[in-house]
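Participant: Please find one structure pasted underneath; my questions will follow.
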Amino acid sequence: RVPCPAPGAHQDPHRAARRAEAGFPARTQQLRTDLPLQGGAAVTFSNMPDGGLILAVDGPSGTGKSTTCRALAKRLDAKYVDTGAMYRVATLAVLRAGVDPTDTEAVIAATRDLPLAVNDDPDSTEVLLDGENVAAEIRGREVTQNVSAVSAVPEVRENLVALQRRLAAQAHRAIVEGRDIGTVVLADAPVKAYLTASPEIRARRRYNQDRSAGREADFATVLADVIRRDELDSSRTTSPLRPAEDAHLIDTSEMTLDQVLETLINLVKESQR
């Protein structure tokens, strides 16, 4: 069983810097002002019973999913579920246990009772492994290089998918992002989006994020990692990375953060019950 603590336990003091770190173009666009607002900025759209909301967002690394979905969750008065962070925590647990990430049986054993806790407050980046906040460590190079191998293990995915579904149900209003949300985790979601961008642009965004976070980074290496992970994630047998048949494809290569947000808000608005 993978426990999850109550949201709001930790506030992120660097929220204002996330837009720049995501590598979106400097040009900005004003959000629409004709959207109904409540409590300052929260939009009251609903596409589920009893005022609920679900948006499934998928896409490869570096498309701006995390930054966009955090901002969108705040805008729509929703929780934010980062499924990618969960697989990174599982990978970190495997590495800390001294397990070879390609040893399937050992990976299953190391992650069977994973002491993982996540925070679904969009203002928080807290992710706990056995009570320790590992939000920074799971973004490091070693985890990034091995997360595709660990996340390809069906038993690991089965465990975490169950948690992801529980979190979405408990949240009532949730923006859920990952790589198989629209195809597996929430296949019946009322609205789905698949974010994409060229490998070079995604690598530049990831490179900028690493440098901003104080992590050593080389652009050529980051680009090679992006291409390698695309291949691994798209070709795995269980829950491969691909857009759901009913997902809306959004190429963020030349879009600002506000433009992506406006596009997603309009999709949610169109999906209202």
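Residues are named by chain letter and number: chains run A, B, ... in the order of the structure tokens, numbers start at 1 in each chain, and ligands are numbered from 1 in the order shown.
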Excluding Pro190 (chain A) and any residue of its chain fewer than 4 positions from it, enumerate the residues within 9 Å of it, using only C-alpha atoms, and give them as a PyMOL selection string.
Facilitator: chain A and resi 47-48+53-56+268+271-272
Participant: May I have all residues of region 103-144 of chain A that DSSP, computed from the backbone, assigns to alpha helix (DSSP H), given as a ChimeraX atom specification?
Facilitator: /A:104-111,141-144
Participant: I'd like the contact shell of Ser198 (chain A) - 9 Å cut-off, only C-alpha atoms, skipping same-chain residues fewer than 4 positions apart - returned as a list in words.
Facilitator: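 What passes the distance filter is Thr63, Arg202, Ala203, Asp251, Thr252 and Ser253 of chain A.
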Participant: Using only C-alpha atoms for the distances, tell me which of A:Ala149, A:Leu186, A:Leu223, A:Ala78 is nearest to Ile201 (chain A).
Facilitator: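 Answer, going by the shortest atom-to-atom distance: A:Leu223.
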Participant: Could you work out how far CA of Thr68 (chain A) lies from CA of Leu232 (chain A), giving the answer in Å with one decimal?
Facilitator: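 Straight-line distance from CA of Leu232 (chain A) to CA of Thr68 (chain A) works out to 24.2 Å.
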Participant: Measuring between only C-alpha atoms, which one of A:Leu116, A:Ala217, A:Ala224, A:Leu92 shows the shortest distance to Ala136 (chain A)?
Facilitator: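 That would be A:Leu92, the residue with the smallest distance to Ala136 (chain A).
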Participant: Just checking: using only C-alpha atoms, which residue out of A:Ala85, A:Ala73, A:Leu128, A:Ala135 ends up closest to Arg179 (chain A)?
Facilitator: A:Ala85
Participant: Find the residues near region 153-162 of chain A: any atom within 10 Å, counting only C-alpha atoms, skip ones fewer than 5 places away on the same chain, and give them as a PyMOL selection string.
Facilitator: chain A and resi 1-2+83+86-87+90-91+101-105+107-114+116+148+167+180-181+184-186+236-239
